[in-house]
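J.: The structure is given below, and queries will be raised subsequently.
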Amino acid sequence: MAHTVPLRAPLDHNGLPHRDPAPAPALVTETSTALGRSYRITPEGMTEIWERLRPYLPAYLTAVHHHPSHLRFEFAPFTGREKEPSTPDVSTDPKLTYGSDDEAERTLRKAARGILDDLYEQAGHQWRDAAYVADLRKTVGDAGARWQAYEREAKALESAYGYLRTPEAAAEWPSALSRLVDAQDRAKAAAAAFDERAWEIARVHDTHLYADLGHVAALAAAGYPEAKAWHITSADDYGRSYYSKWDTGVPLTERVRRLIEQQDNHVAKVGRLSGTATG
């Protein structure tokens, strides 16, 4: 007696069990990590994303480098005088807006918008550095010459003060003191001249507080590597009428004032102890 055995799967035209083809892998897979959302994108998915983003890619984009966990974008050099890069509004683009009933489509759109955000964020970082450097080039001017003038006068002041400690100074004490006073005045004037330009540079530093470049690196990029030796403090430290003795971030004029005060006190004490004090 024949028996009928039910099949777990229907037979194809060759009489073999028919199997449905494996579903195609998703173009984009989204996962959650401790740092936020992460996307695994297939080559086909990346091709589709770039096609959708094409209308929003900036003219200054020159290359895209694919790394295992991120994309790095190359841009034509910024001058810093262009409009600051910002992510274009894609909320009304039917291929990029978040609204979709299909989960795979929603994930692809989110990944595409994330790539667009990253692109303009990286461009923004480079533009901000370029704008910082451009403003410094406009502002620095003759700061280098003013600093050199100060260094010459500071060295002359040190020499004039040091001479007072030599036996030869005793033979011409009033003249040696007069030369010290002259050197002090010139050092003060040179410090004030440099501070005038340093204050302007400090304001540029404050304006570009969120640039990636540090102060010294930005000045070097602007063409002033020697600026690492310049004494430039915070913009808030300039223009004040009073500094306490505990303040350390003070302009050059205040540093020179403190030095001159120490010199004058020393000279006055020497005069008292030696019996040569006058007035």
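Every chain in the structure tokens takes a letter, A first, then B, and so on in the order presented; its residues are numbered from 1, and the ligands are numbered from 1 following the presented order.
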Determine, counting only C-alpha atoms, which protein, DNA and RNA residues have an atom within 8 Å of an atom of Val133 of chain A; residues of the same chain fewer than 5 positions away are not included. Present the result as number ranges by chain.

T.: A: 80, 218-219, 221-222

J.: Write the selection just made, keeping N, CA and C atoms, as a short mmCIF file (atom, residue, chain, number, x, y, z; two decimals), in the first residue's frame?

T.:
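Dumped everything to result_37.cif:
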data_model
loop_
_atom_site.label_atom_id
_atom_site.label_comp_id
_atom_site.auth_asym_id
_atom_site.auth_seq_id
_atom_site.Cartn_x
_atom_site.Cartn_y
_atom_site.Cartn_z
N GLY A 80 39.98 81.46 4.90
CA GLY A 80 39.42 82.01 6.12
C GLY A 80 38.51 83.20 5.87
N ALA A 218 49.11 78.97 15.81
CA ALA A 218 48.41 79.88 14.90
C ALA A 218 49.33 80.99 14.43
N LEU A 219 50.12 81.54 15.34
CA LEU A 219 51.07 82.59 14.97
C LEU A 219 52.13 82.05 14.02
N ALA A 221 51.71 79.55 11.93
CA ALA A 221 51.04 79.35 10.65
C ALA A 221 50.83 80.67 9.92
N ALA A 222 50.71 81.74 10.67
CA ALA A 222 50.55 83.06 10.07
C ALA A 222 51.87 83.65 9.58
#

J.: Quick one: residues within 8 Å of segment 37-53 of chain A, only C-alpha atoms, excluding same-chain residues fewer than 2 positions away - as a list in words?

T.: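 What passes the distance filter is Ala26, Leu27, Val28, Thr29, Glu30, Thr31, Ser32, Thr33, Leu35, Pro55, Tyr56, Leu57, Lys95, Leu96, Leu108, Arg109, Ala111, Ala112 and Leu116 of chain A.
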
J.: Provide the atom CA of Val90 of chain A to atom CA of His67 of chain A distance in Å, to one decimal place.

T.: 25.5 Å

J.: Just the residues within 12 Å of Lys245 of chain A, please, counting only C-alpha atoms, with nothing from its chain fewer than 2 positions along; format it as a short mmCIF file (atom, residue, chain, number, x, y, z; two decimals) with N, CA and C atoms, in the first residue's frame.

T.:
data_model
loop_
_atom_site.label_atom_id
_atom_site.label_comp_id
_atom_site.auth_asym_id
_atom_site.auth_seq_id
_atom_site.Cartn_x
_atom_site.Cartn_y
_atom_site.Cartn_z
N TYR A 242 45.06 98.51 37.74
CA TYR A 242 45.68 98.00 38.97
C TYR A 242 45.90 96.50 38.83
N TYR A 243 47.06 96.06 39.32
CA TYR A 243 47.38 94.63 39.37
C TYR A 243 47.88 94.34 40.78
N ASP A 247 49.09 88.74 41.04
CA ASP A 247 48.75 88.52 39.63
C ASP A 247 50.01 88.13 38.87
N THR A 248 49.94 87.01 38.16
CA THR A 248 51.10 86.56 37.38
C THR A 248 50.92 86.81 35.89
N GLY A 249 49.67 86.75 35.41
CA GLY A 249 49.42 86.99 33.99
C GLY A 249 49.27 88.47 33.73
N VAL A 250 50.37 89.19 33.72
CA VAL A 250 50.31 90.64 33.57
C VAL A 250 51.00 91.06 32.28
N GLU A 254 53.59 96.01 33.04
CA GLU A 254 53.51 95.75 34.48
C GLU A 254 54.74 94.97 34.94
N ARG A 255 55.22 94.07 34.13
CA ARG A 255 56.44 93.34 34.49
C ARG A 255 57.61 94.31 34.61
N ARG A 257 57.40 97.56 35.20
CA ARG A 257 57.16 98.42 36.37
C ARG A 257 57.62 97.74 37.65
N ARG A 258 57.31 96.46 37.78
CA ARG A 258 57.71 95.72 38.97
C ARG A 258 59.24 95.63 39.05
#

J.: Could you jot down the atom CA of Val204 of chain A to atom CA of Arg81 of chain A separation for me, Å, one decimal place?

T.: 14.9 Å

J.: At a cut-off of 10 Å, can you tabulate as JSON lines every residue of segment 134-221 of chain A near segment 265-270 of chain A together with its closest atom pair and the distance in Å to one decimal, using only C-alpha atoms and ordering rows by chain then number?

T.:
{"residue": "A:Tyr161", "atom": "CA", "partner": "A:Val267", "partner_atom": "CA", "distance": 9.4}
{"residue": "A:Leu164", "atom": "CA", "partner": "A:Val267", "partner_atom": "CA", "distance": 8.8}
{"residue": "A:Leu177", "atom": "CA", "partner": "A:Val267", "partner_atom": "CA", "distance": 8.8}

J.: Would you kindly return, as a list in words, each protein, DNA or RNA residue with an atom no farther than 7 Å from any atom of Gln184 of chain A, considering only C-alpha atoms and excluding same-chain residues fewer than 3 positions away?

T.: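 Counting only C-alpha atoms, the residues come to Leu157, Leu180, Val181, Ala187, Lys188 and Ile260 of chain A.
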
J.: When you draw a straight line from atom CA of His231 of chain A to atom CA of Tyr163 of chain A, how long is it in Å?

T.: 26.5 Å

J.: Taking the chain letters and numbering used in this document, name the residues of segment 1-199 of chain A that DSSP puts in strand (DSSP E), as a list in words.

T.: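 For segment 1-199 of chain A, the strand (DSSP E) set is Val28, Thr29, Glu30, Thr31, Ser32, Thr33, Gly36, Arg37, Ser38, Tyr39, Arg40, Ile41, Leu61, Thr62, Ala63, Val64, His65, His66, Leu71, Arg72, Phe73, Glu74 and Phe75 of chain A.
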
J.: Just list the residues in segment 99-276 of chain A DSSP gives alpha helix (DSSP H) on the backbone, as an MDAnalysis selection string.

T.: chainID A and resid 103:140 143:163 167:171 173:207 215:221 252:274

J.: Excluding same-chain residues fewer than 4 positions from segment 209-216 of chain A, what lies within 8 Å of it counting only C-alpha atoms, as a list in words?

T.: His125, Arg128, Asp129, Tyr132, His205, Ala220, Pro225, Ala227 and Lys228 of chain A

J.: Neighbours of Val140 of chain A within 8 Å (only C-alpha atoms; same-chain residues fewer than 4 positions away dropped), as number ranges by chain?

T.: A: 136, 197, 200-201
